[in-house]
file upload34.tsv (TSV, C-alpha atoms)
chain	number	residue	atom	x	y	z
A	921	MET	CA	32.48	113.22	18.48
A	922	THR	CA	32.65	109.63	17.28
A	923	GLU	CA	31.50	106.63	19.29
A	924	ALA	CA	35.14	105.53	19.64
A	925	SER	CA	36.16	108.74	21.39
A	926	HIS	CA	33.44	108.19	23.99
A	927	THR	CA	34.89	104.89	25.06
A	928	MET	CA	38.55	105.96	24.98
A	929	THR	CA	40.21	107.27	28.10
A	930	ARG	CA	41.85	110.66	27.82
A	931	LYS	CA	45.18	111.25	29.57
A	932	ILE	CA	46.31	114.07	31.84
A	933	GLU	CA	49.98	114.31	32.75
A	934	ILE	CA	50.76	115.59	36.24
A	935	GLU	CA	52.68	118.89	36.39
A	936	PRO	CA	54.59	120.43	39.29
A	937	LEU	CA	52.57	123.05	41.17
A	938	THR	CA	54.05	126.49	40.46
A	939	PRO	CA	52.49	129.94	41.00
A	940	GLU	CA	52.78	130.78	37.29
A	941	ALA	CA	51.01	127.62	36.10
A	942	PHE	CA	48.35	127.85	38.80
A	943	ALA	CA	47.62	131.60	38.55
A	944	PRO	CA	44.52	131.29	36.29
A	945	PHE	CA	42.86	129.00	38.84
A	946	GLY	CA	43.87	130.22	42.27
A	947	ASP	CA	46.67	130.88	44.72
A	948	ILE	CA	49.40	128.64	46.06
A	949	ILE	CA	49.64	129.17	49.79
A	950	GLN	CA	53.31	128.74	50.65
A	951	ALA	CA	56.36	130.59	51.95
A	952	GLY	CA	57.97	132.66	49.18
A	953	GLU	CA	61.69	133.39	48.93
A	954	ASN	CA	61.61	136.31	51.35
A	955	PRO	CA	59.10	136.89	54.14
A	956	THR	CA	56.97	140.03	53.93
A	957	MET	CA	58.08	140.92	57.46
A	958	MET	CA	59.96	139.41	60.41
A	959	ILE	CA	58.10	139.04	63.72
A	960	ASN	CA	58.62	137.43	67.13
A	961	GLN	CA	62.09	138.88	67.83
A	962	GLY	CA	63.33	137.77	64.44
A	963	LYS	CA	62.41	134.10	64.91
A	964	CYS	CA	59.47	134.06	62.48
A	965	GLY	CA	58.90	135.28	58.94
A	966	ARG	CA	55.39	136.27	57.92
A	967	HIS	CA	54.51	135.66	54.26
A	968	HIS	CA	51.53	137.92	54.21
A	969	ASP	CA	48.04	137.66	52.72
A	970	LEU	CA	48.63	135.00	50.08
A	971	ALA	CA	45.11	134.09	48.95
A	972	ARG	CA	42.29	135.94	47.23
A	973	LEU	CA	39.51	135.07	49.65
A	974	ASP	CA	35.96	135.78	48.52
A	975	PHE	CA	32.88	134.76	50.46
A	976	SER	CA	30.25	136.86	48.62
A	977	ASP	CA	27.27	138.71	50.08
A	978	GLY	CA	25.66	136.97	52.99
A	979	GLY	CA	28.45	134.46	53.45
A	980	ARG	CA	31.27	134.33	55.97
A	981	ALA	CA	34.65	132.63	56.27
A	982	ALA	CA	34.79	129.34	58.16
A	983	ILE	CA	37.49	126.80	58.95
A	984	SER	CA	36.55	123.12	58.68
A	985	VAL	CA	38.60	119.94	58.67
A	986	PHE	CA	38.33	117.40	55.86
A	987	GLU	CA	39.19	113.79	56.71
A	988	CYS	CA	39.79	112.17	53.37
A	989	GLN	CA	40.56	108.69	52.10
A	990	ASN	CA	43.54	108.56	49.77
A	991	TYR	CA	43.51	107.95	46.03
A	992	THR	CA	46.05	106.04	43.96
A	993	LEU	CA	47.65	106.72	40.59
A	994	PRO	CA	46.74	106.30	37.83
A	995	MET	CA	43.51	107.99	38.90
A	996	LYS	CA	40.29	108.17	36.90
A	997	LEU	CA	38.87	111.71	36.74
A	998	GLU	CA	35.13	111.59	36.15
A	999	LEU	CA	33.95	114.70	37.96
A	1000	VAL	CA	34.88	118.30	38.61
A	1001	GLU	CA	32.96	120.83	40.67
A	1002	ARG	CA	32.93	124.53	41.42
A	1003	HIS	CA	31.63	126.91	44.07
A	1004	PRO	CA	29.87	129.90	42.52
A	1005	LEU	CA	29.57	131.78	45.83
A	1006	GLY	CA	33.04	131.59	47.28
A	1007	SER	CA	36.71	130.70	47.25
A	1008	GLN	CA	37.94	127.49	48.88
A	1009	ALA	CA	41.39	126.93	50.42
A	1010	PHE	CA	42.94	123.54	51.25
A	1011	LEU	CA	45.70	123.51	53.85
A	1012	PRO	CA	47.23	120.05	54.44
A	1013	LEU	CA	47.85	119.24	58.12
A	1014	SER	CA	50.82	117.11	57.01
A	1015	GLU	CA	53.71	117.23	54.56
A	1016	ASN	CA	52.11	114.57	52.37
A	1017	PRO	CA	51.43	115.35	48.71
A	1018	PHE	CA	48.00	115.77	47.20
A	1019	LEU	CA	46.83	116.08	43.64
A	1020	VAL	CA	45.28	119.39	42.54
A	1021	VAL	CA	43.01	119.13	39.50
A	1022	VAL	CA	41.60	122.27	37.88
A	1023	ALA	CA	39.98	123.19	34.59
A	1024	GLU	CA	39.24	126.28	32.55
A	1025	ASP	CA	35.65	127.32	32.01
A	1026	ALA	CA	34.15	127.52	28.53
A	1027	ASP	CA	30.56	128.78	28.50
A	1028	GLY	CA	29.75	127.15	31.82
A	1029	ARG	CA	31.51	123.83	31.15
A	1030	PRO	CA	34.97	122.67	32.26
A	1031	LEU	CA	37.61	122.54	29.54
A	1032	LYS	CA	41.18	121.18	29.43
A	1033	PRO	CA	41.58	119.78	32.95
A	1034	ARG	CA	45.11	119.92	34.37
A	1035	ALA	CA	46.65	118.11	37.31
A	1036	PHE	CA	49.35	119.39	39.67
A	1037	MET	CA	51.29	117.64	42.43
A	1038	THR	CA	51.96	119.55	45.64
A	1039	GLN	CA	55.22	119.70	47.61
A	1040	PRO	CA	55.51	119.80	51.42
A	1041	GLY	CA	54.49	123.24	52.71
A	1042	GLN	CA	52.05	123.99	49.87
A	1043	GLY	CA	48.34	124.65	50.20
A	1044	VAL	CA	46.02	125.96	47.51
A	1045	ASN	CA	43.13	128.41	47.30
A	1046	TYR	CA	40.67	127.94	44.44
A	1047	HIS	CA	39.24	131.22	43.29
A	1048	ARG	CA	35.46	131.60	43.37
A	1049	GLY	CA	33.86	129.72	40.51
A	1050	THR	CA	36.97	127.75	39.47
A	1051	TRP	CA	36.37	124.19	38.27
A	1052	HIS	CA	38.37	121.73	40.38
A	1053	GLY	CA	38.55	118.05	41.24
A	1054	VAL	CA	37.49	116.75	44.63
A	1055	LEU	CA	40.17	116.52	47.30
A	1056	THR	CA	42.64	113.79	46.27
A	1057	PRO	CA	45.43	113.06	48.76
A	1058	LEU	CA	47.88	110.35	47.71
A	1059	ALA	CA	49.59	109.25	50.92
A	1060	GLU	CA	48.16	106.14	52.55
A	1061	GLY	CA	45.54	106.27	55.28
A	1062	PRO	CA	43.11	109.08	56.09
A	1063	GLN	CA	44.57	112.51	55.34
A	1064	TYR	CA	43.57	115.69	57.15
A	1065	PHE	CA	43.18	119.18	55.69
A	1066	ALA	CA	42.03	122.49	57.14
A	1067	VAL	CA	39.61	124.06	54.66
A	1068	VAL	CA	38.81	127.77	54.58
A	1069	ASP	CA	35.60	128.32	52.66
A	1070	ARG	CA	32.23	130.01	52.70
A	1071	VAL	CA	29.40	129.30	55.08
A	1072	GLY	CA	26.05	130.87	54.25
A	1073	ASP	CA	22.81	130.53	52.35
A	1074	GLY	CA	22.56	129.79	48.65
A	1075	ASN	CA	23.57	126.93	46.36
A	1076	ASN	CA	27.34	126.94	46.37
A	1077	LEU	CA	27.98	123.64	44.55
A	1078	GLU	CA	27.91	122.89	40.83
A	1079	GLU	CA	29.12	119.49	39.55
A	1080	HIS	CA	30.13	118.36	36.09
A	1081	TRP	CA	30.48	114.68	35.17
A	1082	PHE	CA	32.59	114.05	32.07
A	1083	ASP	CA	31.06	111.86	29.34
A	1084	THR	CA	34.51	110.42	28.82
A	1085	PRO	CA	36.61	110.16	31.96
A	1086	TYR	CA	40.22	111.28	32.05
A	1087	GLU	CA	43.13	109.27	33.38
A	1088	VAL	CA	45.59	111.20	35.55
A	1089	SER	CA	49.11	109.78	35.81
B	584	MET	CA	56.09	140.62	95.83
B	585	THR	CA	59.50	140.10	97.45
B	586	GLU	CA	62.76	140.64	95.69
B	587	ALA	CA	63.38	136.89	95.77
B	588	SER	CA	60.23	136.13	93.80
B	589	HIS	CA	61.42	138.48	91.06
B	590	THR	CA	64.59	136.52	90.52
B	591	MET	CA	63.03	133.07	90.78
B	592	THR	CA	61.82	131.27	87.72
B	593	ARG	CA	58.22	130.11	87.79
B	594	LYS	CA	57.31	126.75	86.26
B	595	ILE	CA	54.56	125.80	83.83
B	596	GLU	CA	53.88	122.13	83.21
B	597	ILE	CA	52.81	121.18	79.70
B	598	GLU	CA	49.30	119.71	79.39
B	599	PRO	CA	47.74	117.74	76.52
B	600	LEU	CA	45.63	119.91	74.22
B	601	THR	CA	41.95	118.99	74.70
B	602	PRO	CA	38.82	120.93	73.70
B	603	GLU	CA	37.64	121.14	77.33
B	604	ALA	CA	40.90	122.58	78.66
B	605	PHE	CA	41.29	124.95	75.74
B	606	ALA	CA	37.68	126.22	75.53
B	607	PRO	CA	38.24	129.45	77.54
B	608	PHE	CA	40.95	130.51	75.11
B	609	GLY	CA	39.90	129.35	71.68
B	610	ASP	CA	39.08	126.44	69.41
B	611	ILE	CA	41.00	123.31	68.55
B	612	ILE	CA	40.77	122.77	64.81
B	613	GLN	CA	40.75	119.01	64.33
B	614	ALA	CA	38.60	116.14	63.13
B	615	GLY	CA	36.11	115.08	65.80
B	616	GLU	CA	34.81	111.56	66.29
B	617	ASN	CA	32.16	111.79	63.61
B	618	PRO	CA	32.18	114.04	60.56
B	619	THR	CA	29.37	116.59	60.28
B	620	MET	CA	28.64	115.25	56.77
B	621	MET	CA	30.13	112.92	54.17
B	622	ILE	CA	31.03	114.37	50.78
B	623	ASN	CA	32.83	113.31	47.58
B	624	GLN	CA	30.96	110.02	47.05
B	625	GLY	CA	31.60	108.99	50.64
B	626	LYS	CA	35.39	109.33	50.45
B	627	CYS	CA	35.65	112.49	52.60
B	628	GLY	CA	34.22	113.56	55.95
B	629	ARG	CA	33.63	117.26	56.57
B	630	HIS	CA	34.06	118.40	60.18
B	631	HIS	CA	32.25	121.65	59.74
B	632	ASP	CA	32.88	125.22	60.93
B	633	LEU	CA	35.20	124.53	63.86
B	634	ALA	CA	36.49	127.99	64.77
B	635	ARG	CA	34.92	131.19	66.05
B	636	LEU	CA	36.39	133.58	63.50
B	637	ASP	CA	36.09	137.29	64.24
B	638	PHE	CA	37.71	140.00	62.14
B	639	SER	CA	35.86	143.03	63.53
B	640	ASP	CA	34.59	146.06	61.64
B	641	GLY	CA	36.80	147.17	58.82
B	642	GLY	CA	38.90	144.01	58.86
B	643	ARG	CA	38.85	140.98	56.62
B	644	ALA	CA	40.07	137.37	56.76
B	645	ALA	CA	43.44	136.60	55.23
B	646	ILE	CA	45.64	133.52	54.92
B	647	SER	CA	49.37	133.99	55.47
B	648	VAL	CA	52.22	131.54	55.98
B	649	PHE	CA	54.53	131.75	59.01
B	650	GLU	CA	58.03	130.32	58.58
B	651	CYS	CA	59.24	129.85	62.11
B	652	GLN	CA	62.47	128.74	63.79
B	653	ASN	CA	61.97	126.03	66.36
B	654	TYR	CA	62.24	126.33	70.13
B	655	THR	CA	63.57	123.77	72.60
B	656	LEU	CA	62.38	122.62	76.02
B	657	PRO	CA	62.68	123.74	78.72
B	658	MET	CA	61.58	127.05	77.20
B	659	LYS	CA	61.68	130.44	78.88
B	660	LEU	CA	58.38	132.32	78.58
B	661	GLU	CA	58.97	136.06	78.86
B	662	LEU	CA	56.24	137.45	76.65
B	663	VAL	CA	52.62	136.96	75.71
B	664	GLU	CA	50.58	138.99	73.26
B	665	ARG	CA	47.00	139.46	72.13
B	666	HIS	CA	45.09	140.80	69.17
B	667	PRO	CA	42.24	143.09	70.25
B	668	LEU	CA	40.73	143.32	66.76
B	669	GLY	CA	40.55	139.71	65.65
B	670	SER	CA	40.89	135.97	66.08
B	671	GLN	CA	44.03	134.17	64.87
B	672	ALA	CA	44.21	130.55	63.71
B	673	PHE	CA	47.40	128.48	63.36
B	674	LEU	CA	47.27	125.49	61.03
B	675	PRO	CA	50.50	123.47	60.91
B	676	LEU	CA	51.53	122.38	57.40
B	677	SER	CA	53.11	119.28	58.96
B	678	GLU	CA	52.38	116.68	61.62
B	679	ASN	CA	55.03	118.12	63.93
B	680	PRO	CA	54.03	119.25	67.42
B	681	PHE	CA	53.98	122.85	68.59
B	682	LEU	CA	53.53	124.40	71.98
B	683	VAL	CA	50.40	126.47	72.61
B	684	VAL	CA	50.72	128.98	75.46
B	685	VAL	CA	47.68	130.95	76.62
B	686	ALA	CA	46.72	133.00	79.67
B	687	GLU	CA	43.61	134.34	81.33
B	688	ASP	CA	43.04	138.07	81.44
B	689	ALA	CA	42.76	139.94	84.73
B	690	ASP	CA	42.03	143.63	84.33
B	691	GLY	CA	44.04	143.89	81.14
B	692	ARG	CA	47.01	141.76	82.28
B	693	PRO	CA	47.75	138.10	81.60
B	694	LEU	CA	47.27	135.74	84.53
B	695	LYS	CA	48.09	132.05	85.07
B	696	PRO	CA	49.72	131.13	81.77
B	697	ARG	CA	49.20	127.53	80.65
B	698	ALA	CA	51.01	125.46	78.05
B	699	PHE	CA	49.55	122.74	75.81
B	700	MET	CA	51.25	120.33	73.42
B	701	THR	CA	49.57	119.61	70.08
B	702	GLN	CA	49.11	116.23	68.41
B	703	PRO	CA	49.30	115.57	64.64
B	704	GLY	CA	46.17	116.91	62.93
B	705	GLN	CA	45.54	119.70	65.47
B	706	GLY	CA	45.47	123.41	64.76
B	707	VAL	CA	44.26	126.14	67.08
B	708	ASN	CA	42.23	129.35	66.82
B	709	TYR	CA	42.81	131.99	69.47
B	710	HIS	CA	39.68	133.95	70.17
B	711	ARG	CA	39.85	137.71	69.72
B	712	GLY	CA	41.69	139.34	72.63
B	713	THR	CA	43.09	136.10	74.11
B	714	TRP	CA	46.59	136.33	75.60
B	715	HIS	CA	48.89	133.81	73.92
B	716	GLY	CA	52.58	133.07	73.46
B	717	VAL	CA	54.31	133.60	70.14
B	718	LEU	CA	54.38	130.67	67.74
B	719	THR	CA	56.64	127.97	69.23
B	720	PRO	CA	57.16	124.86	67.09
B	721	LEU	CA	59.40	122.19	68.61
B	722	ALA	CA	60.52	120.04	65.66
B	723	GLU	CA	63.92	120.89	64.25
B	724	GLY	CA	64.42	123.21	61.31
B	725	PRO	CA	62.05	125.88	60.00
B	726	GLN	CA	58.40	124.99	60.55
B	727	TYR	CA	55.56	126.21	58.35
B	728	PHE	CA	52.04	127.22	59.40
B	729	ALA	CA	49.09	128.66	57.55
B	730	VAL	CA	47.66	131.49	59.64
B	731	VAL	CA	44.11	132.79	59.28
B	732	ASP	CA	43.87	136.23	60.85
B	733	ARG	CA	42.68	139.77	60.36
B	734	VAL	CA	43.99	142.22	57.82
B	735	GLY	CA	42.86	145.81	58.19
B	736	ASP	CA	43.50	149.17	59.82
B	737	GLY	CA	43.95	149.69	63.54
B	738	ASN	CA	46.43	148.53	66.19
B	739	ASN	CA	45.87	144.80	66.50
B	740	LEU	CA	48.87	143.91	68.70
B	741	GLU	CA	49.30	144.24	72.46
B	742	GLU	CA	52.36	142.71	74.16
B	743	HIS	CA	53.01	141.92	77.81
B	744	TRP	CA	56.52	141.14	79.12
B	745	PHE	CA	56.57	139.29	82.43
B	746	ASP	CA	58.71	140.79	85.24
B	747	THR	CA	59.58	137.23	86.22
B	748	PRO	CA	59.81	134.82	83.28
B	749	TYR	CA	58.20	131.40	83.38
B	750	GLU	CA	59.88	128.13	82.52
B	751	VAL	CA	57.81	125.75	80.39
B	752	SER	CA	58.73	122.08	80.56
call {"tool": "encode", "arguments": {"input": "upload34.tsv", "output": "structure tokens"}}
result
Amino acid sequence: MTEASHTMTRKIEIEPLTPEAFAPFGDIIQAGENPTMMINQGKCGRHHDLARLDFSDGGRAAISVFECQNYTLPMKLELVERHPLGSQAFLPLSENPFLVVVAEDADGRPLKPRAFMTQPGQGVNYHRGTWHGVLTPLAEGPQYFAVVDRVGDGNNLEEHWFDTPYEVS
Amino acid sequence: MTEASHTMTRKIEIEPLTPEAFAPFGDIIQAGENPTMMINQGKCGRHHDLARLDFSDGGRAAISVFECQNYTLPMKLELVERHPLGSQAFLPLSENPFLVVVAEDADGRPLKPRAFMTQPGQGVNYHRGTWHGVLTPLAEGPQYFAVVDRVGDGNNLEEHWFDTPYEVS
């Protein structure tokens, strides 16, 4: 890599969040076209069991709330992280969009980061060990998310700082 | 009970949803005053492990989405239900309010139902075996919730229909 490429910013174009595009990285948690079953005297459709949860030996599922400052576009992407011991689901407690950044893994390093924009009614579940950006809501003011992830012993956080940051827009 | 009491409607007044009032029935999933820890370079507060999840032997945690028609006030309460094998958490994918109905248990029957109104940013987790009303969002149009509950064998649903319905307002 030349010196020039270290100082250049690399660009990532935001894509819509669809199950097909997101499948290598995790699950989109949303209502599908048809509910799996109707409950509550026909008033409620259950879209059943939408996320591959994985909390590994010695861990358990927990629900936390993240209270997160918003980001603005274009956004500099300097860091991704992953959780080797468990999946992690983000469920927005609003209809506001957030940016979902993920990357492939190549021999333990993140490769080809991609960015997706959510729609109202969409949450995501990152599969265990998937490289992803930190939580990046875009609507103004603090944004609240319910997070379903692993609680337990062990080091469940690995970070990677890019030599050359990306610009997401 | 006299014949008259069977034909009368009983009233339930809606209360604000607070951790103290709700403690006998479950957990409120919301940001508290101070985050448990700051993450993501200080941009995000984690309010950690807010719900007593319980999926009993042979069950596992799952995330589903409920797509639910709205109800209107005053609302007739004819039915409560409970899940003997697991907890059940409701996380609204919007800031719209929903009504949370719960009841004490007295020798296997629901007693003294109460109704609470949520605020933006609040979800709830019903403890295992807690009598509760079906999901009752109040904002117009279909409302979407992420639900964290138990998937597994066994009969996990018990319903109770009241002889005399309640009116919630």
call {"tool": "atom_distance", "arguments": {"input": "upload34.tsv", "atom1": "CA of Pro1040 in chain A", "atom2": "CA of Ala722 in chain B"}}
result
15.1 Å
call {"tool": "closest_atom_pairs", "arguments": {"input": "upload34.tsv", "of": "chain A", "to": "chain B", "cutoff": "9 Å", "atoms": "only C-alpha atoms", "output": "Markdown table"}}
result
| residue | atom | partner | partner_atom | distance |
| --- | --- | --- | --- | --- |
| A:Ile949 | CA | B:Val648 | CA | 7.1 |
| A:Gln950 | CA | B:Val648 | CA | 6.1 |
| A:Ala951 | CA | B:Val648 | CA | 5.9 |
| A:Gly952 | CA | B:Val648 | CA | 9.0 |
| A:Pro955 | CA | B:Glu650 | CA | 8.0 |
| A:Asn960 | CA | B:Val717 | CA | 6.5 |
| A:Lys963 | CA | B:Gln652 | CA | 5.5 |
| A:Cys964 | CA | B:Cys651 | CA | 4.2 |
| A:Gly965 | CA | B:Glu650 | CA | 5.0 |
| A:Arg966 | CA | B:Phe649 | CA | 4.7 |
| A:His967 | CA | B:Val648 | CA | 5.0 |
| A:His968 | CA | B:Ser647 | CA | 4.7 |
| A:Asp969 | CA | B:Ser647 | CA | 4.8 |
| A:Leu970 | CA | B:Ser647 | CA | 5.5 |
| A:Ala971 | CA | B:Ile646 | CA | 6.0 |
| A:Arg972 | CA | B:Ala645 | CA | 8.1 |
| A:Leu973 | CA | B:Ala645 | CA | 7.0 |
| A:Ala981 | CA | B:Ala644 | CA | 7.2 |
| A:Ala982 | CA | B:Asp632 | CA | 5.3 |
| A:Ile983 | CA | B:Asp632 | CA | 5.3 |
| A:Ser984 | CA | B:His631 | CA | 4.7 |
| A:Val985 | CA | B:His630 | CA | 5.0 |
| A:Phe986 | CA | B:Arg629 | CA | 4.8 |
| A:Glu987 | CA | B:Gly628 | CA | 5.0 |
| A:Cys988 | CA | B:Cys627 | CA | 4.2 |
| A:Gln989 | CA | B:Lys626 | CA | 5.5 |
| A:Asn990 | CA | B:Lys626 | CA | 8.2 |
| A:Leu1011 | CA | B:Leu676 | CA | 6.9 |
| A:Pro1012 | CA | B:Leu676 | CA | 5.7 |
| A:Leu1013 | CA | B:Leu676 | CA | 4.9 |
| A:Ser1014 | CA | B:Ser677 | CA | 3.7 |
| A:Glu1015 | CA | B:Ser677 | CA | 4.9 |
| A:Asn1016 | CA | B:Ser677 | CA | 8.2 |
| A:Pro1040 | CA | B:Leu676 | CA | 7.6 |
| A:Gly1041 | CA | B:Leu676 | CA | 5.6 |
| A:Gln1042 | CA | B:Leu676 | CA | 7.7 |
| A:Gly1043 | CA | B:Leu676 | CA | 8.2 |
| A:Val1054 | CA | B:Asn623 | CA | 6.5 |
| A:Leu1055 | CA | B:Asn623 | CA | 8.0 |
| A:Pro1062 | CA | B:Cys627 | CA | 8.9 |
| A:Gln1063 | CA | B:Gly704 | CA | 8.9 |
| A:Tyr1064 | CA | B:Gly704 | CA | 6.5 |
| A:Phe1065 | CA | B:Gly704 | CA | 8.2 |
| A:Ala1066 | CA | B:Leu674 | CA | 7.2 |
| A:Val1068 | CA | B:Val731 | CA | 8.7 |
| A:Val1071 | CA | B:Asp632 | CA | 7.9 |
call {"tool": "write_last_selection", "arguments": {"input": "upload34.tsv", "atoms": "C-alpha atoms", "output": "compact mmCIF listing (two decimals), keeping the file's coordinate frame"}}
result
# COMPACT_ATOMS: atom_id res chain seq x y z
CA ILE A 949 49.64 129.17 49.79
CA GLN A 950 53.31 128.74 50.65
CA ALA A 951 56.36 130.59 51.95
CA GLY A 952 57.97 132.66 49.18
CA PRO A 955 59.10 136.89 54.14
CA ASN A 960 58.62 137.43 67.13
CA LYS A 963 62.41 134.10 64.91
CA CYS A 964 59.47 134.06 62.48
CA GLY A 965 58.90 135.28 58.94
CA ARG A 966 55.39 136.27 57.92
CA HIS A 967 54.51 135.66 54.26
CA HIS A 968 51.53 137.92 54.21
CA ASP A 969 48.04 137.66 52.72
CA LEU A 970 48.63 135.00 50.08
CA ALA A 971 45.11 134.09 48.95
CA ARG A 972 42.29 135.94 47.23
CA LEU A 973 39.51 135.07 49.65
CA ALA A 981 34.65 132.63 56.27
CA ALA A 982 34.79 129.34 58.16
CA ILE A 983 37.49 126.80 58.95
CA SER A 984 36.55 123.12 58.68
CA VAL A 985 38.60 119.94 58.67
CA PHE A 986 38.33 117.40 55.86
CA GLU A 987 39.19 113.79 56.71
CA CYS A 988 39.79 112.17 53.37
CA GLN A 989 40.56 108.69 52.10
CA ASN A 990 43.54 108.56 49.77
CA LEU A 1011 45.70 123.51 53.85
CA PRO A 1012 47.23 120.05 54.44
CA LEU A 1013 47.85 119.24 58.12
CA SER A 1014 50.82 117.11 57.01
CA GLU A 1015 53.71 117.23 54.56
CA ASN A 1016 52.11 114.57 52.37
CA PRO A 1040 55.51 119.80 51.42
CA GLY A 1041 54.49 123.24 52.71
CA GLN A 1042 52.05 123.99 49.87
CA GLY A 1043 48.34 124.65 50.20
CA VAL A 1054 37.49 116.75 44.63
CA LEU A 1055 40.17 116.52 47.30
CA PRO A 1062 43.11 109.08 56.09
CA GLN A 1063 44.57 112.51 55.34
CA TYR A 1064 43.57 115.69 57.15
CA PHE A 1065 43.18 119.18 55.69
CA ALA A 1066 42.03 122.49 57.14
CA VAL A 1068 38.81 127.77 54.58
CA VAL A 1071 29.40 129.30 55.08
call {"tool": "closest_residue", "arguments": {"input": "upload34.tsv", "among": "B:Arg665, B:Leu682, B:Leu721, B:Leu660", "to": "Thr747 in chain B", "atoms": "only C-alpha atoms"}}
result
B:Leu660
call {"tool": "atom_distance", "arguments": {"input": "upload34.tsv", "atom1": "CA of Ser752 in chain B", "atom2": "CA of Glu596 in chain B"}}
result
5.5 Å
call {"tool": "atom_distance", "arguments": {"input": "upload34.tsv", "atom1": "CA of Asn954 in chain A", "atom2": "CA of Gln671 in chain B"}}
result
22.3 Å
call {"tool": "closest_residue", "arguments": {"input": "upload34.tsv", "among": "B:Glu598, B:Glu616, B:Glu661, B:Asp690", "to": "Phe745 in chain B", "atoms": "all atoms listed in the file"}}
result
B:Glu661
call {"tool": "residues_around", "arguments": {"input": "upload34.tsv", "residues": "Trp1051 in chain A", "least_positions_apart": "4", "cutoff": "8 Å", "atoms": "all atoms listed in the file", "output": "list in words"}}
result
Val1000, Glu1001, Arg1002, His1003, Val1022, Ala1023, Glu1024, Asp1025 and Pro1030 of chain A
call {"tool": "axis_aligned_box", "arguments": {"input": "upload34.tsv", "around": "range 986-999 of chain A", "padding_each_side": "5 Å", "output": "AutoDock Vina command-line options"}}
result
--center_x 40.8 --center_y 111.7 --center_z 46.4 --size_x 23.7 --size_y 21.4 --size_z 30.6
call {"tool": "closest_residue", "arguments": {"input": "upload34.tsv", "among": "A:Ser976, A:Lys996, A:Gly1061, A:Ala1026", "to": "Arg930 in chain A", "atoms": "all atoms listed in the file"}}
result
A:Lys996
call {"tool": "closest_residue", "arguments": {"input": "upload34.tsv", "among": "A:Pro936, A:Gly979, A:Gly1049, A:Gly946", "to": "Phe1018 in chain A", "atoms": "all atoms listed in the file"}}
result
A:Pro936
call {"tool": "build_atoms", "arguments": {"input": "upload34.tsv", "residues": "range 1073-1083 of chain A", "atoms": "N, CA, C and O atoms", "output": "PDB file, in the frame of the given file"}}
result
ATOM      1  N   ASP A1073      23.915 131.014  53.175  1.00  0.00           N
ATOM      2  CA  ASP A1073      22.810 130.530  52.350  1.00  0.00           C
ATOM      3  C   ASP A1073      23.183 130.526  50.874  1.00  0.00           C
ATOM      4  O   ASP A1073      24.135 131.168  50.468  1.00  0.00           O
ATOM      5  N   GLY A1074      22.372 129.805  50.093  1.00  0.00           N
ATOM      6  CA  GLY A1074      22.560 129.790  48.650  1.00  0.00           C
ATOM      7  C   GLY A1074      23.183 128.479  48.191  1.00  0.00           C
ATOM      8  O   GLY A1074      23.821 127.769  48.972  1.00  0.00           O
ATOM      9  N   ASN A1075      22.994 128.154  46.916  1.00  0.00           N
ATOM     10  CA  ASN A1075      23.570 126.930  46.360  1.00  0.00           C
ATOM     11  C   ASN A1075      24.987 127.198  45.888  1.00  0.00           C
ATOM     12  O   ASN A1075      25.209 127.857  44.878  1.00  0.00           O
ATOM     13  N   ASN A1076      25.923 126.652  46.614  1.00  0.00           N
ATOM     14  CA  ASN A1076      27.340 126.940  46.370  1.00  0.00           C
ATOM     15  C   ASN A1076      28.068 125.754  45.739  1.00  0.00           C
ATOM     16  O   ASN A1076      29.282 125.680  45.795  1.00  0.00           O
ATOM     17  N   LEU A1077      27.323 124.813  45.163  1.00  0.00           N
ATOM     18  CA  LEU A1077      27.980 123.640  44.550  1.00  0.00           C
ATOM     19  C   LEU A1077      27.400 123.366  43.170  1.00  0.00           C
ATOM     20  O   LEU A1077      26.189 123.224  43.001  1.00  0.00           O
ATOM     21  N   GLU A1078      28.295 123.289  42.183  1.00  0.00           N
ATOM     22  CA  GLU A1078      27.910 122.890  40.830  1.00  0.00           C
ATOM     23  C   GLU A1078      28.855 121.764  40.421  1.00  0.00           C
ATOM     24  O   GLU A1078      30.067 121.904  40.552  1.00  0.00           O
ATOM     25  N   GLU A1079      28.306 120.644  39.951  1.00  0.00           N
ATOM     26  CA  GLU A1079      29.120 119.490  39.550  1.00  0.00           C
ATOM     27  C   GLU A1079      29.054 119.290  38.052  1.00  0.00           C
ATOM     28  O   GLU A1079      28.035 119.572  37.422  1.00  0.00           O
ATOM     29  N   HIS A1080      30.134 118.752  37.501  1.00  0.00           N
ATOM     30  CA  HIS A1080      30.130 118.360  36.090  1.00  0.00           C
ATOM     31  C   HIS A1080      30.760 116.988  35.954  1.00  0.00           C
ATOM     32  O   HIS A1080      31.922 116.790  36.300  1.00  0.00           O
ATOM     33  N   TRP A1081      29.975 116.034  35.444  1.00  0.00           N
ATOM     34  CA  TRP A1081      30.480 114.680  35.170  1.00  0.00           C
ATOM     35  C   TRP A1081      30.893 114.621  33.710  1.00  0.00           C
ATOM     36  O   TRP A1081      30.127 114.996  32.829  1.00  0.00           O
ATOM     37  N   PHE A1082      32.111 114.165  33.451  1.00  0.00           N
ATOM     38  CA  PHE A1082      32.590 114.050  32.070  1.00  0.00           C
ATOM     39  C   PHE A1082      31.955 112.836  31.387  1.00  0.00           C
ATOM     40  O   PHE A1082      31.864 111.759  31.994  1.00  0.00           O
ATOM     41  N   ASP A1083      31.544 113.012  30.128  1.00  0.00           N
ATOM     42  CA  ASP A1083      31.060 111.860  29.340  1.00  0.00           C
ATOM     43  C   ASP A1083      32.155 110.818  29.222  1.00  0.00           C
ATOM     44  O   ASP A1083      31.927 109.621  29.387  1.00  0.00           O
TER      45      ASP A1083
END
